[in-house]
Amino acid sequence: MTQTPRIMIIYTGGTIGMIENQKDHTLQPFNFDHLMENVPKIKMLDYDITNFQFQPPIDSSNMSPAHWDDMARVIEDNYEQVDGFVVLHGTDTMAYTASALSFMLGNLQKPVIITGSQLPIGEVRTDGEENLITALQVAAARTSDGKPMVREVAILFENYLWRGNRSTKRSADNFNAFRSPNYPELAHIGLEINFLKDNLYRHEEGEGLPLQVHYNFSSDVEVLFLFPGMSRNVITRSLETPGLKGVVLKTFGAGNAPGCPWFLQALRKAIDNGVVVVNVTQCPNGTVMQKLYATGDQLAELGCISGSDITTEAAITKLMYLFGQNLTPEEVKRCFGVSLRGEISQH
Ligand code: ASP
């Protein structure tokens with residue numbers, strides 16, 4: 001590392017860079033120069049900052065695997081030239097992107113800090129300026145031996161730095177918009193940036209190895225959210241969708257589901273046809289324990305795999321990633337329960 005931190009900002013869009021359309025008063029993405037004009041304080045950091053901008057910047061509701069590929073390619077192309085990356089992204093799908101990038105970036109040894117804001121950067125009360133500046137400082141932080149402090153994909157928002165693939169958007173208006181329900185923060189942002197070193201991801205085997213980017217995601221997956229009174233017709237058809245490869249089954253409590261025969265039959269049929277079904281709880285935090293209740297055990301008996309304490313965002317992108325690597329259903333099942341980037345607790 002050189003003395004002056006070299007950070008690349010990848011601007012994808014989101015509220016942080018938006019500006020109000022005078023005609024209909026909706027927020028629309030604006031360009032990187034507009035963003036920078038509104039944060040003159042960045043110059044005080046004295047960093048060597050380069051940037052890459054999505055053309056056009058997008059509202060993150062339009063995010064897709066093709067955009068994840070674009071971000072990963074920019075990171076791959078600039079990996080040796082910079083010390084870290086700050087990705088500016090809309091908050092709505094930020095946790096999906098953070099999870100997807102974490103799986104894509106094999107052997108990552110540099111920070112990829114994703115941030116955005118609840119209010120556009122041009123607004124007087126914006127949280128965007130603070131988030132952007134703190135994200136740059138986190139990306140530039142080093143350990144006492146000069147290595148990057150953060151060597152993973154993380155989300156920086158207001159008072160916290162979270163592991164990206166453990167995060168979820170929790171509020172549409174609170175400045176602390178994210179949380180990580182089953183993993184503690186990587187840093188607390190107050191008067192100081194206080195890193196909790198034991199919580200940071202370290203991939204020792206990856207040290208000295210080149211970054212290995214895994215492109216390709218499969219979109220033949222779905223999230224199936226259970227509720228009392230769900231329709232046989234709807235659920236059965238959905239599980240019979242041609243080409244379906246993986247399902248994140250959002251279950252009750254510790255991983256429980258109704259025991260009605262039609263539902264269990266539909267699941268069995270899908271699993272027998274090679275569909276991988278992952279059991280993930282609907283609860284905002286906690287873990288799946290399929291053996292705790294008979295209603296969970298029946299899912300285990302059918303061959304559903306436990307999603308443990310993984311978030312829905314990480315679960316669906318992990319399935320997309322694993323199937324994108326052309327693994328067989330058996331291989332996907334085996335890999336799913338293994339922590340690839342610190343996204344799941346192994347029991
Ligand atoms: N709709 C915006 C987006 O996700 C919201 C935000 O940035 O907070 O792009």
# chains A, B, ... in the order shown; residues from 1 in each chain; ligands from 1
$ residues_around --residues "Arg170 in chain A" --least-positions-apart "4" --cutoff "10 Å" --atoms "only C-alpha atoms" --output "list in words"
Asp92, Asn174, Asn176, Ala177, Phe178, Arg179, Ser180, Pro181 and Pro284 of chain A
$ residues_near_ligand --ligand "ligand 1" --cutoff "12 Å" --atoms "only C-alpha atoms and all ligand atoms" --output "MDAnalysis selection string"
chainID A and resid 11:19 26:30 57:63 88:97 114:121 126:128 157 169:178
$ write_last_selection --atoms "C-alpha atoms" --output "compact mmCIF listing (two decimals), in the first residue's frame"
# COMPACT_ATOMS: atom_id res chain seq x y z
CA TYR A 11 -21.56 4.89 -8.43
CA THR A 12 -24.51 2.69 -9.38
CA GLY A 13 -27.33 5.09 -8.46
CA GLY A 14 -29.86 5.15 -5.62
CA THR A 15 -31.32 7.97 -3.54
CA ILE A 16 -27.88 9.26 -2.58
CA GLY A 17 -27.37 10.71 -6.07
CA MET A 18 -30.96 11.50 -6.94
CA ILE A 19 -32.44 14.89 -7.63
CA THR A 26 -40.32 12.21 -8.32
CA LEU A 27 -36.69 11.45 -7.47
CA GLN A 28 -34.51 10.56 -10.43
CA PRO A 29 -30.88 9.47 -10.60
CA PHE A 30 -28.31 12.12 -11.42
CA PRO A 57 -27.31 5.39 -12.73
CA ILE A 58 -30.23 3.24 -11.61
CA ASP A 59 -32.78 2.99 -8.87
CA SER A 60 -31.72 -0.22 -7.16
CA SER A 61 -35.16 -1.75 -7.70
CA ASN A 62 -33.87 -2.31 -11.24
CA MET A 63 -30.76 -4.16 -10.05
CA LEU A 88 -22.78 3.82 -3.94
CA HIS A 89 -26.04 1.95 -4.26
CA GLY A 90 -29.75 2.34 -3.58
CA THR A 91 -30.81 0.95 -0.26
CA ASP A 92 -33.75 -1.11 -1.55
CA THR A 93 -31.70 -4.02 -2.92
CA MET A 94 -28.36 -3.21 -1.30
CA ALA A 95 -28.38 -6.36 0.84
CA TYR A 96 -28.89 -8.54 -2.26
CA THR A 97 -25.98 -6.88 -4.07
CA ILE A 114 -21.35 -0.41 0.03
CA THR A 115 -23.28 2.63 1.13
CA GLY A 116 -26.12 4.93 0.08
CA SER A 117 -28.55 7.18 1.87
CA GLN A 118 -32.16 7.74 2.82
CA LEU A 119 -32.12 11.40 1.67
CA PRO A 120 -30.52 12.68 -1.55
CA ILE A 121 -27.09 14.20 -1.12
CA THR A 126 -28.95 14.41 4.02
CA ASP A 127 -27.36 11.35 5.58
CA GLY A 128 -25.53 10.77 2.28
CA PHE A 157 -24.88 2.88 7.11
CA LYS A 169 -32.82 -3.41 5.05
CA ARG A 170 -34.96 -2.85 8.10
CA SER A 171 -36.42 0.61 7.67
CA ALA A 172 -37.74 2.73 4.82
CA ASP A 173 -37.10 5.95 6.72
CA ASN A 174 -34.73 5.48 9.65
CA PHE A 175 -31.18 6.68 9.04
CA ASN A 176 -29.98 3.42 10.61
CA ALA A 177 -31.65 1.59 7.72
CA PHE A 178 -29.78 -1.71 7.99
$ closest_residue --among "A:Thr236, A:Ser231, A:Ile9, A:Gly259" --to "Ala135 in chain A" --atoms "only C-alpha atoms"
A:Ile9
$ closest_residue --among "A:Ile316, A:Val124, A:Ile193, A:Leu340" --to "Glu222 in chain A" --atoms "only C-alpha atoms"
A:Ile316
$ closest_residue --among "A:Gln325, A:Thr311, A:Thr168, A:Ser99" --to "Asn216 in chain A" --atoms "only C-alpha atoms"
A:Gln325
$ closest_residue --among "A:Lys333, A:Arg73, A:Lys110, A:Arg163" --to "Arg6 in chain A" --atoms "only C-alpha atoms"
A:Lys110
